[in-house]
$ cat entry-v3.txt   # compact mmCIF, C-alpha atoms
# COMPACT_ATOMS: atom_id res chain seq x y z
CA MET A 1148 -15.19 4.18 -4.04
CA GLU A 1149 -18.44 3.04 -2.50
CA ARG A 1150 -18.28 5.78 0.14
CA ILE A 1151 -17.63 8.48 -2.44
CA ARG A 1152 -20.53 7.17 -4.51
CA GLU A 1153 -22.87 7.41 -1.52
CA LEU A 1154 -21.72 10.89 -0.56
CA ALA A 1155 -21.87 12.23 -4.11
CA GLY A 1156 -25.64 12.20 -4.01
CA ARG A 1157 -25.84 14.61 -1.10
CA VAL A 1158 -22.80 16.89 -1.05
CA LYS A 1159 -22.00 19.87 -3.24
CA ALA A 1160 -18.42 19.00 -4.02
CA PHE A 1161 -15.31 16.98 -3.34
CA VAL A 1162 -12.00 18.80 -2.96
CA VAL A 1163 -9.01 16.59 -3.76
CA PRO A 1164 -5.57 17.95 -2.86
CA GLU A 1165 -2.61 15.84 -4.00
CA LEU A 1166 1.13 16.30 -4.45
CA ASN A 1167 0.78 15.58 -8.14
CA LEU A 1168 -0.96 17.16 -11.09
CA GLY A 1169 -4.06 15.00 -10.76
CA GLN A 1170 -4.17 11.24 -10.14
CA MET A 1171 -6.56 10.07 -7.43
CA VAL A 1172 -8.85 12.96 -8.28
CA TYR A 1173 -9.89 11.09 -11.41
CA GLU A 1174 -10.86 8.07 -9.29
CA VAL A 1175 -12.99 10.37 -7.14
CA GLU A 1176 -14.51 11.84 -10.29
CA ARG A 1177 -15.28 8.34 -11.56
CA ALA A 1178 -17.00 7.40 -8.30
CA ALA A 1179 -18.90 10.68 -8.07
CA ALA A 1180 -20.19 10.02 -11.59
CA GLY A 1181 -21.30 13.57 -12.19
CA GLN A 1182 -23.45 13.79 -9.07
CA ALA A 1183 -21.15 16.31 -7.35
CA ARG A 1184 -18.38 18.64 -8.46
CA VAL A 1185 -14.86 17.29 -8.08
CA ILE A 1186 -12.21 19.96 -7.61
CA PRO A 1187 -8.51 19.10 -7.88
CA VAL A 1188 -5.96 21.02 -5.83
CA SER A 1189 -2.83 19.96 -7.61
CA HIS A 1190 0.76 20.62 -6.61
CA ALA A 1191 3.90 19.51 -8.43
CA GLY A 1192 5.63 18.31 -5.25
CA GLY A 1193 8.89 19.36 -3.61
CA THR A 1194 6.98 20.71 -0.64
CA VAL A 1195 3.47 20.37 0.75
CA HIS A 1196 0.42 22.52 0.03
CA ASN A 1197 -0.08 25.77 1.84
CA PRO A 1198 -3.19 25.03 3.95
CA ASP A 1199 -4.69 28.31 2.73
CA THR A 1200 -4.69 26.97 -0.82
CA ILE A 1201 -6.82 24.02 0.24
CA LEU A 1202 -9.03 26.25 2.37
CA ASN A 1203 -9.61 28.57 -0.58
CA ALA A 1204 -10.68 25.59 -2.68
CA ILE A 1205 -13.09 24.50 0.07
CA VAL A 1206 -14.58 27.99 0.31
CA GLU A 1207 -14.94 28.17 -3.46
CA ALA A 1208 -16.55 24.71 -3.56
CA ALA A 1209 -19.08 25.68 -0.90
CA ARG A 1210 -20.38 28.68 -2.85
CA MET B 212 17.33 -1.80 21.51
CA HIS B 213 15.78 -4.85 23.07
CA ALA B 214 13.17 -6.71 21.07
CA ASP B 215 11.44 -9.84 22.16
CA PRO B 216 12.08 -12.93 20.06
CA LYS B 217 9.10 -12.15 17.84
CA GLY B 218 10.63 -8.84 16.88
CA VAL B 219 7.95 -6.63 18.37
CA LEU B 220 9.48 -3.56 20.00
CA THR B 221 6.63 -3.02 22.46
CA GLY B 222 6.58 0.44 24.01
CA VAL B 223 6.25 4.14 23.30
CA HIS B 224 8.82 5.44 20.86
CA PHE B 225 9.85 8.59 19.04
CA LEU B 226 10.34 7.33 15.48
CA ASP B 227 10.30 8.63 11.97
CA GLY B 228 7.94 7.05 9.47
CA ASP B 229 10.65 5.00 7.77
CA HIS B 230 11.76 3.45 11.05
CA ALA B 231 8.16 2.89 12.11
CA CYS B 232 7.52 1.13 8.80
CA CYS B 233 10.46 -1.19 9.51
CA GLU B 234 9.10 -1.95 12.97
CA GLY B 235 5.70 -2.65 11.43
CA ALA B 236 7.28 -5.12 9.03
CA LEU B 237 9.10 -6.87 11.87
CA ALA B 238 5.95 -6.96 13.97
CA ALA B 239 4.07 -8.42 11.01
CA GLY B 240 6.57 -11.24 10.88
CA ALA B 241 8.69 -10.15 7.94
CA ARG B 242 11.96 -12.02 8.17
CA PHE B 243 13.37 -11.29 4.74
CA ALA B 244 14.00 -8.02 2.96
CA ALA B 245 15.98 -7.28 -0.15
CA GLY B 246 16.65 -3.79 -1.36
CA TYR B 247 18.79 -1.37 -3.25
CA PRO B 248 18.58 1.51 -0.77
CA ILE B 249 17.46 4.84 -2.16
CA THR B 250 16.57 8.21 -0.67
CA PRO B 251 14.14 8.86 1.02
CA SER B 252 13.44 5.21 1.86
CA THR B 253 16.93 4.16 3.00
CA GLU B 254 16.16 4.33 6.72
CA VAL B 255 13.61 1.52 6.44
CA VAL B 256 16.13 -1.07 5.33
CA GLU B 257 18.97 0.50 7.29
CA ARG B 258 16.99 -0.22 10.45
CA PHE B 259 15.92 -3.63 9.18
CA ALA B 260 19.55 -4.57 8.47
CA SER B 261 20.45 -3.52 11.99
CA ARG B 262 17.49 -5.19 13.72
CA ILE B 263 17.10 -8.42 11.81
CA PRO B 264 20.15 -10.22 13.29
CA THR B 265 18.57 -9.88 16.75
CA VAL B 266 15.26 -11.26 15.52
CA GLY B 267 16.44 -13.96 13.17
CA GLY B 268 16.13 -13.24 9.49
CA ILE B 269 17.96 -11.89 6.47
CA PHE B 270 18.47 -8.60 4.72
CA ILE B 271 20.27 -8.62 1.38
CA GLN B 272 21.48 -5.50 -0.34
CA MET B 273 20.98 -6.50 -3.96
CA GLU B 274 22.70 -5.30 -7.12
CA ASP B 275 19.63 -3.38 -8.24
CA GLU B 276 15.88 -3.01 -7.75
CA LEU B 277 14.98 -5.71 -10.25
CA ALA B 278 16.98 -8.22 -8.24
CA ALA B 279 15.49 -6.98 -4.96
CA SER B 280 11.92 -7.26 -6.18
CA ILE B 281 12.41 -10.83 -7.39
CA ALA B 282 14.47 -11.98 -4.40
CA ILE B 283 11.56 -11.27 -2.07
CA GLN B 284 9.30 -13.48 -4.16
CA GLY B 285 11.73 -16.36 -3.90
CA ALA B 286 11.77 -15.84 -0.15
CA VAL B 287 7.97 -15.89 -0.01
CA TRP B 288 7.74 -19.18 -1.89
CA ALA B 289 10.37 -20.56 0.47
CA GLY B 290 8.05 -19.68 3.35
CA ALA B 291 9.09 -16.23 4.58
CA LYS B 292 7.13 -13.02 4.83
CA ALA B 293 9.16 -10.61 2.73
CA PHE B 294 9.27 -7.03 1.48
CA THR B 295 11.35 -4.58 -0.47
CA VAL B 296 11.73 -0.85 -0.09
CA THR B 297 12.39 1.83 -2.67
CA SER B 298 11.49 5.23 -4.08
CA GLY B 299 10.37 6.45 -7.50
CA PRO B 300 13.28 5.43 -9.77
CA GLY B 301 13.53 2.02 -8.11
CA PHE B 302 9.76 1.62 -8.13
CA SER B 303 9.85 2.03 -11.90
CA LEU B 304 12.45 -0.72 -12.17
CA MET B 305 10.37 -3.04 -9.99
CA MET B 306 7.25 -2.88 -12.12
CA GLU B 307 7.93 -6.05 -14.07
CA HIS B 308 8.07 -7.99 -10.82
CA VAL B 309 4.98 -6.34 -9.41
CA GLY B 310 3.22 -7.95 -12.34
CA LEU B 311 4.90 -11.28 -11.66
CA ALA B 312 3.78 -11.15 -8.02
CA ALA B 313 0.25 -10.33 -9.14
CA MET B 314 0.23 -13.15 -11.70
CA THR B 315 1.77 -15.76 -9.41
CA GLU B 316 -0.31 -14.51 -6.44
CA THR B 317 2.77 -14.07 -4.31
CA PRO B 318 1.97 -12.29 -1.03
CA CYS B 319 4.60 -9.61 -0.54
CA VAL B 320 4.94 -5.93 0.27
CA PHE B 321 6.53 -3.15 -1.78
CA VAL B 322 7.30 0.01 0.21
CA ASN B 323 7.63 3.15 -1.88
CA VAL B 324 8.63 6.32 -0.05
CA GLN B 325 7.56 8.76 -2.73
CA ARG B 326 9.72 11.68 -3.82
CA GLY B 327 9.36 14.21 -6.59
CA GLY B 328 9.62 12.79 -10.11
CA PRO B 329 9.70 11.86 -12.93
CA SER B 330 13.05 10.10 -13.25
CA THR B 331 15.49 10.92 -10.44
CA GLY B 332 13.49 14.10 -9.80
CA LEU B 333 13.71 15.40 -6.25
CA PRO B 334 15.45 12.74 -4.13
CA THR B 335 15.01 14.46 -0.78
CA LEU B 336 11.64 16.15 -1.26
CA PRO B 337 8.07 14.87 -1.22
CA GLY B 338 5.71 13.88 -4.00
CA GLN B 339 2.59 11.74 -4.39
CA ALA B 340 2.89 11.23 -8.10
CA ASP B 341 3.44 7.46 -8.06
CA MET B 342 -0.14 6.64 -7.12
CA MET B 343 -1.32 5.60 -10.56
CA GLN B 344 1.96 3.79 -11.12
CA ALA B 345 1.13 1.72 -8.05
CA ARG B 346 -2.23 0.92 -9.62
CA TRP B 347 -1.29 0.45 -13.26
CA GLY B 348 2.52 0.30 -13.40
CA SER B 349 2.90 -3.25 -14.64
CA HIS B 350 1.37 -4.40 -17.88
CA GLY B 351 -1.78 -6.47 -18.08
CA ASP B 352 -4.96 -6.57 -16.04
CA TYR B 353 -4.58 -7.24 -12.35
CA GLY B 354 -5.84 -5.98 -9.02
CA ILE B 355 -3.62 -4.31 -6.46
CA ILE B 356 -3.84 -2.87 -2.95
CA ALA B 357 -2.10 0.36 -1.93
CA LEU B 358 -2.06 2.00 1.50
CA CYS B 359 -1.01 5.59 2.29
CA PRO B 360 -0.02 6.40 5.87
CA ASN B 361 -0.15 9.99 7.10
CA SER B 362 1.99 9.62 10.23
CA PRO B 363 4.73 7.43 11.71
CA GLN B 364 2.07 5.68 13.79
CA GLU B 365 0.17 4.84 10.61
CA CYS B 366 3.45 3.73 9.02
CA PHE B 367 3.68 1.11 11.76
CA ASP B 368 0.00 0.16 11.77
CA LEU B 369 -0.52 0.09 8.02
CA THR B 370 2.66 -1.88 7.35
CA ILE B 371 1.19 -4.64 9.49
CA GLU B 372 -2.08 -4.24 7.60
CA ALA B 373 -0.18 -4.41 4.30
CA PHE B 374 1.30 -7.78 5.22
CA ASN B 375 -2.08 -9.01 6.46
CA LEU B 376 -3.84 -7.99 3.26
CA SER B 377 -1.13 -9.53 1.12
CA GLU B 378 -1.61 -12.85 2.89
CA GLU B 379 -5.40 -12.70 2.85
CA PHE B 380 -5.72 -11.89 -0.83
CA ARG B 381 -2.37 -13.18 -2.08
CA VAL B 382 -1.48 -9.94 -3.82
CA PRO B 383 1.48 -7.61 -3.73
CA VAL B 384 0.55 -4.69 -1.47
CA MET B 385 2.03 -1.23 -1.92
CA MET B 386 2.91 0.89 1.09
CA MET B 387 2.87 4.36 -0.43
CA LEU B 388 4.64 6.66 1.99
CA ASP B 389 5.89 10.07 0.96
CA GLU B 390 9.13 11.76 1.93
CA CYS B 391 7.44 13.94 4.57
CA VAL B 392 5.79 11.05 6.36
CA GLY B 393 8.90 8.90 5.97
CA HIS B 394 11.12 11.50 7.62
CA MET B 395 8.59 12.95 10.06
CA THR B 396 9.38 12.00 13.68
CA GLU B 397 6.47 11.52 16.08
CA LYS B 398 5.26 9.32 18.90
CA VAL B 399 4.69 5.72 17.87
CA VAL B 400 3.01 3.25 20.19
CA ILE B 401 3.90 -0.37 19.54
CA PRO B 402 1.54 -2.77 21.29
CA GLU B 403 2.37 -6.05 22.93
CA PRO B 404 2.74 -8.93 20.45
CA GLU B 405 -0.43 -10.68 21.55
CA LYS B 406 -2.45 -7.54 20.75
CA ILE B 407 -1.24 -7.44 17.16
CA GLU B 408 -3.51 -9.35 14.79
CA LEU B 409 -1.61 -11.17 12.09
CA THR B 410 -3.08 -12.96 9.10
CA PRO B 411 -1.37 -16.31 8.67
CA ARG B 412 -0.33 -17.64 5.29
CA ARG B 413 -3.03 -19.66 3.59
CA TYR B 414 -1.50 -23.11 3.57
CA THR B 415 -3.40 -25.96 1.99
CA LYS B 416 -4.82 -28.75 4.08
CA LEU B 417 -5.09 -31.00 1.04
CA PRO B 418 -2.69 -33.91 0.57
CA PRO B 419 -0.14 -33.55 -2.25
CA GLU B 420 -2.06 -35.79 -4.63
CA GLU B 421 -5.17 -33.59 -4.41
CA TYR B 422 -3.50 -30.18 -4.28
CA ARG B 423 -3.71 -27.86 -7.28
CA PRO B 424 -1.67 -24.66 -6.70
CA PHE B 425 -4.00 -22.20 -8.39
CA GLU B 426 -7.35 -23.74 -7.66
CA PRO B 427 -9.20 -21.02 -5.76
CA ARG B 428 -11.22 -21.50 -2.62
CA GLU B 429 -14.69 -19.98 -2.20
CA ASP B 430 -13.22 -16.48 -1.81
CA LEU B 431 -11.37 -16.87 -5.13
CA VAL B 432 -7.96 -17.05 -3.44
CA PRO B 433 -5.93 -20.28 -3.76
CA ASP B 434 -3.92 -21.82 -0.93
CA MET B 435 -0.15 -22.14 -0.85
CA VAL B 436 2.19 -24.90 0.26
CA ARG B 437 5.21 -25.07 2.48
CA ALA B 438 8.35 -25.72 0.48
CA GLY B 439 9.94 -29.03 1.25
CA GLU B 440 6.82 -30.85 2.41
CA GLY B 441 6.41 -33.06 -0.64
CA TYR B 442 4.15 -30.93 -2.82
CA ARG B 443 5.11 -30.53 -6.47
CA PHE B 444 4.03 -27.36 -8.12
CA HIS B 445 4.90 -25.02 -10.94
CA ILE B 446 4.82 -21.23 -10.84
CA THR B 447 5.00 -19.11 -13.95
CA GLY B 448 4.27 -15.62 -15.15
CA LEU B 449 2.66 -17.17 -18.20
CA THR B 450 -1.10 -17.56 -18.20
CA HIS B 451 -1.66 -20.79 -16.31
CA ASP B 452 -4.33 -23.24 -15.34
CA GLU B 453 -5.21 -24.39 -11.84
CA ARG B 454 -2.21 -26.75 -11.87
CA GLY B 455 0.10 -23.81 -12.47
CA TYR B 456 1.12 -24.98 -15.93
CA PRO B 457 1.09 -22.63 -18.93
CA ASN B 458 -2.15 -22.57 -20.86
CA MET B 459 -2.18 -20.35 -23.90
CA GLY B 460 -5.91 -20.51 -24.45
CA ALA B 461 -8.24 -17.53 -24.41
CA GLU B 462 -10.50 -19.31 -21.95
CA ALA B 463 -7.71 -19.82 -19.42
CA GLN B 464 -6.67 -16.18 -19.82
CA ASP B 465 -10.21 -14.98 -19.24
CA ARG B 466 -10.71 -17.17 -16.18
CA LEU B 467 -7.39 -16.24 -14.58
CA VAL B 468 -7.39 -12.51 -15.22
CA ARG B 469 -10.98 -12.06 -14.12
CA ARG B 470 -10.24 -13.93 -10.91
CA LEU B 471 -7.14 -11.80 -10.18
CA GLN B 472 -9.42 -8.78 -10.12
CA ALA B 473 -12.55 -10.36 -8.66
CA LYS B 474 -10.76 -11.69 -5.58
CA LEU B 475 -10.30 -8.09 -4.42
CA LYS B 476 -14.00 -7.20 -4.65
CA PRO B 477 -14.52 -7.42 -0.88
CA LEU B 478 -12.30 -4.35 -0.56
CA GLU B 479 -14.43 -2.39 -3.01
CA ASN B 480 -17.68 -3.40 -1.36
CA GLY B 481 -17.43 -1.83 2.02
CA ARG B 482 -14.16 -3.07 3.49
CA SER B 483 -12.72 0.35 3.06
CA LEU B 484 -9.59 1.39 4.92
CA CYS B 485 -10.22 5.12 4.74
CA GLU B 486 -10.94 7.26 7.78
CA THR B 487 -13.75 9.78 7.79
CA GLU B 488 -14.50 12.80 9.96
CA ASN B 489 -17.54 15.08 10.24
CA LEU B 490 -19.34 13.82 7.19
CA GLU B 491 -22.81 14.13 8.70
CA ASP B 492 -23.92 17.52 7.40
CA ALA B 493 -21.07 18.21 5.02
CA ASP B 494 -21.53 20.29 1.90
CA VAL B 495 -17.93 19.86 0.84
CA VAL B 496 -15.79 16.78 1.40
CA VAL B 497 -12.00 16.86 1.20
CA VAL B 498 -10.52 13.58 -0.05
CA SER B 499 -6.82 13.24 0.67
CA TYR B 500 -4.09 10.81 1.69
CA GLY B 501 -0.57 10.72 3.08
CA ILE B 502 1.00 13.99 4.21
CA THR B 503 -1.62 15.94 2.27
CA ALA B 504 -4.31 14.61 4.61
CA ARG B 505 -2.50 16.33 7.47
CA VAL B 506 -2.37 19.62 5.55
CA ALA B 507 -6.04 19.25 4.62
CA GLN B 508 -6.96 18.78 8.28
CA ARG B 509 -5.09 22.00 9.04
CA ALA B 510 -6.99 23.79 6.28
CA ILE B 511 -10.29 22.61 7.75
CA GLN B 512 -9.21 23.79 11.22
CA LEU B 513 -8.37 27.21 9.78
CA GLY B 514 -11.77 27.32 8.14
CA ALA B 515 -13.50 26.41 11.39
CA ARG B 516 -11.51 29.07 13.21
CA ALA B 517 -12.67 31.63 10.69
CA ALA B 518 -16.26 30.66 11.51
CA PHE B 519 -16.53 28.87 8.24
CA ALA B 520 -17.28 25.22 8.83
CA PRO B 521 -18.91 23.50 5.89
CA ALA B 522 -15.99 21.21 5.18
CA SER B 523 -15.27 17.67 6.20
CA SER B 524 -12.64 15.18 5.22
CA ALA B 525 -12.58 11.64 3.96
$ encode --input "entry-v3.txt" --output "structure tokens"
Amino acid sequence: MERIRELAGRVKAFVVPELNLGQMVYEVERAAAGQARVIPVSHAGGTVHNPDTILNAIVEAAR
Amino acid sequence: MHADPKGVLTGVHFLDGDHACCEGALAAGARFAAGYPITPSTEVVERFASRIPTVGGIFIQMEDELAASIAIQGAVWAGAKAFTVTSGPGFSLMMEHVGLAAMTETPCVFVNVQRGGPSTGLPTLPGQADMMQARWGSHGDYGIIALCPNSPQECFDLTIEAFNLSEEFRVPVMMMLDECVGHMTEKVVIPEPEKIELTPRRYTKLPPEEYRPFEPREDLVPDMVRAGEGYRFHITGLTHDERGYPNMGAEAQDRLVRRLQAKLKPLENGRSLCETENLEDADVVVVSYGITARVAQRAIQLGARAAFAPASSA
């Protein structure tokens, strides 16, 4: 939490992929406290993410 | 297999995450496990049941997960390091006893190899949807520690860490694997026993007449006793005072519940267990855990290959 809080002041965004529909992403959001965007990359499970999906979220976050 | 008497299978192995988790537990000194085996966690206790007779300990296949999660706590208070292993449906059934372990400050480890849910969901396929259950699954206010390995090597290393943290802070610690990591087979290096750091149980040095079971030391964690050495104590899930006896007052509740959370503050204030890479000039930070951390690393590699490199991971 402390690390996220520190980083939030100087990065554009956090991308948070998880094999759920959003759980730890809310902890990241809480730590970022509005200082940086927090972008979930949710997945319902059953398999893993396609890396391209995460990459697309990173590219979008960097814009 | 040839283990030394301490149960450490020193060497280079080709293990899946479940088996590596079992070896981590043995290396940490776990000599008692109880479980109601369930896919995709079965291999952890299957290996433990096979290995433990050579090391000296007990595995009990219980009638259900409730029994398993309370049997380990009895073993802990009798002096053993103990753990149980399950997956989503069993994890749900264990929640009452997670709370009991938190309330009675019983150092123990719950391994959850996560699969798709809710309910029986996807027994053989991965999920990471039990994370908030690990944090909040039992009722009441309490602190908890959860670790998420992303490889068989981390399954070994972090299982040892899980036992160490449980002893240091006297909390139940969750090992949150997922089906992919549990069934992924990779190289696992198990060091020599003397190179493995183990946190011993916090036994009191006070004589029986001065000992109070839930009187915290400076770090807010109380010391335990060895069963059979003449100490009398009482353990209850009810709100209790420093003697361990029920106290139904608001003041006792406030003091106890605040301490159960406050004793974990060192972990929030810098003793983080996360790994970081390339954060120096990052614009975007990927935060991930378990198998998803591996996929995220692949995504970042793909981005770098495409001459796009603003991303880092944490």
$ closest_atom_pairs --input "entry-v3.txt" --of "region 232-350 of chain B" --to "region 398-418 of chain B" --cutoff "9 Å" --atoms "only C-alpha atoms" --output "CSV"
residue,atom,partner,partner_atom,distance
B:Glu234,CA,B:Ile401,CA,8.5
B:Gly235,CA,B:Ile401,CA,8.6
B:Ala238,CA,B:Pro404,CA,7.5
B:Ala239,CA,B:Leu409,CA,6.4
B:Gly240,CA,B:Leu409,CA,8.3
B:Gly290,CA,B:Arg412,CA,8.8
B:Lys292,CA,B:Arg412,CA,8.8
B:Pro318,CA,B:Arg412,CA,8.6
$ interface_residues --input "entry-v3.txt" --of "chain B" --to "chain A" --cutoff "9 Å" --atoms "all atoms listed in the file" --output "MDAnalysis selection string"
chainID B and resid 326:328 333 335:343 391 479:481 483 490 492:504 506:511 513:514 519 521:522 524:525
$ write_last_selection --input "entry-v3.txt" --atoms "C-alpha atoms" --output "mmCIF file, in the coordinates of the input"
data_model
loop_
_atom_site.group_PDB
_atom_site.id
_atom_site.type_symbol
_atom_site.label_atom_id
_atom_site.label_comp_id
_atom_site.auth_asym_id
_atom_site.auth_seq_id
_atom_site.Cartn_x
_atom_site.Cartn_y
_atom_site.Cartn_z
ATOM 1 C CA ARG B 326 9.720 11.680 -3.820
ATOM 2 C CA GLY B 327 9.360 14.210 -6.590
ATOM 3 C CA GLY B 328 9.620 12.790 -10.110
ATOM 4 C CA LEU B 333 13.710 15.400 -6.250
ATOM 5 C CA THR B 335 15.010 14.460 -0.780
ATOM 6 C CA LEU B 336 11.640 16.150 -1.260
ATOM 7 C CA PRO B 337 8.070 14.870 -1.220
ATOM 8 C CA GLY B 338 5.710 13.880 -4.000
ATOM 9 C CA GLN B 339 2.590 11.740 -4.390
ATOM 10 C CA ALA B 340 2.890 11.230 -8.100
ATOM 11 C CA ASP B 341 3.440 7.460 -8.060
ATOM 12 C CA MET B 342 -0.140 6.640 -7.120
ATOM 13 C CA MET B 343 -1.320 5.600 -10.560
ATOM 14 C CA CYS B 391 7.440 13.940 4.570
ATOM 15 C CA GLU B 479 -14.430 -2.390 -3.010
ATOM 16 C CA ASN B 480 -17.680 -3.400 -1.360
ATOM 17 C CA GLY B 481 -17.430 -1.830 2.020
ATOM 18 C CA SER B 483 -12.720 0.350 3.060
ATOM 19 C CA LEU B 490 -19.340 13.820 7.190
ATOM 20 C CA ASP B 492 -23.920 17.520 7.400
ATOM 21 C CA ALA B 493 -21.070 18.210 5.020
ATOM 22 C CA ASP B 494 -21.530 20.290 1.900
ATOM 23 C CA VAL B 495 -17.930 19.860 0.840
ATOM 24 C CA VAL B 496 -15.790 16.780 1.400
ATOM 25 C CA VAL B 497 -12.000 16.860 1.200
ATOM 26 C CA VAL B 498 -10.520 13.580 -0.050
ATOM 27 C CA SER B 499 -6.820 13.240 0.670
ATOM 28 C CA TYR B 500 -4.090 10.810 1.690
ATOM 29 C CA GLY B 501 -0.570 10.720 3.080
ATOM 30 C CA ILE B 502 1.000 13.990 4.210
ATOM 31 C CA THR B 503 -1.620 15.940 2.270
ATOM 32 C CA ALA B 504 -4.310 14.610 4.610
ATOM 33 C CA VAL B 506 -2.370 19.620 5.550
ATOM 34 C CA ALA B 507 -6.040 19.250 4.620
ATOM 35 C CA GLN B 508 -6.960 18.780 8.280
ATOM 36 C CA ARG B 509 -5.090 22.000 9.040
ATOM 37 C CA ALA B 510 -6.990 23.790 6.280
ATOM 38 C CA ILE B 511 -10.290 22.610 7.750
ATOM 39 C CA LEU B 513 -8.370 27.210 9.780
ATOM 40 C CA GLY B 514 -11.770 27.320 8.140
ATOM 41 C CA PHE B 519 -16.530 28.870 8.240
ATOM 42 C CA PRO B 521 -18.910 23.500 5.890
ATOM 43 C CA ALA B 522 -15.990 21.210 5.180
ATOM 44 C CA SER B 524 -12.640 15.180 5.220
ATOM 45 C CA ALA B 525 -12.580 11.640 3.960
#
$ atom_distance --input "entry-v3.txt" --atom1 "CA of Lys476 (chain B)" --atom2 "CA of Ala1179 (chain A)"
18.9 Å
$ residues_around --input "entry-v3.txt" --residues "region 369-377 of chain B" --least-positions-apart "2" --cutoff "10 Å" --atoms "only C-alpha atoms" --output "PyMOL selection string"
chain B and resi 231-241+292-294+316-322+355-361+363-367+379-387+407-412+478+484
$ atom_distance --input "entry-v3.txt" --atom1 "CA of Tyr456 (chain B)" --atom2 "CA of Leu277 (chain B)"
24.4 Å
$ residues_around --input "entry-v3.txt" --residues "Gly267 (chain B)" --least-positions-apart "4" --cutoff "10 Å" --atoms "only C-alpha atoms" --output "PyMOL selection string"
chain B and resi 216-218+242-243+262-263
$ atom_distance --input "entry-v3.txt" --atom1 "CA of Tyr1173 (chain A)" --atom2 "CA of Glu1153 (chain A)"
16.7 Å
$ residues_around --input "entry-v3.txt" --residues "His308 (chain B)" --least-positions-apart "4" --cutoff "10 Å" --atoms "only C-alpha atoms" --output "MDAnalysis selection string"
chainID B and resid 276:284 304 312:314 349 383 448
$ residues_near_point --input "entry-v3.txt" --point "(9.8, 0.8, -5.3)" --cutoff "9 Å" --atoms "all atoms listed in the file" --output "list in words"
Glu276, Ser280, Thr295, Val296, Thr297, Ser298, Gly299, Pro300, Gly301, Phe302, Ser303, Leu304, Met305, Met306, Phe321, Val322, Asn323, Val324, Gln325 and Met385 of chain B
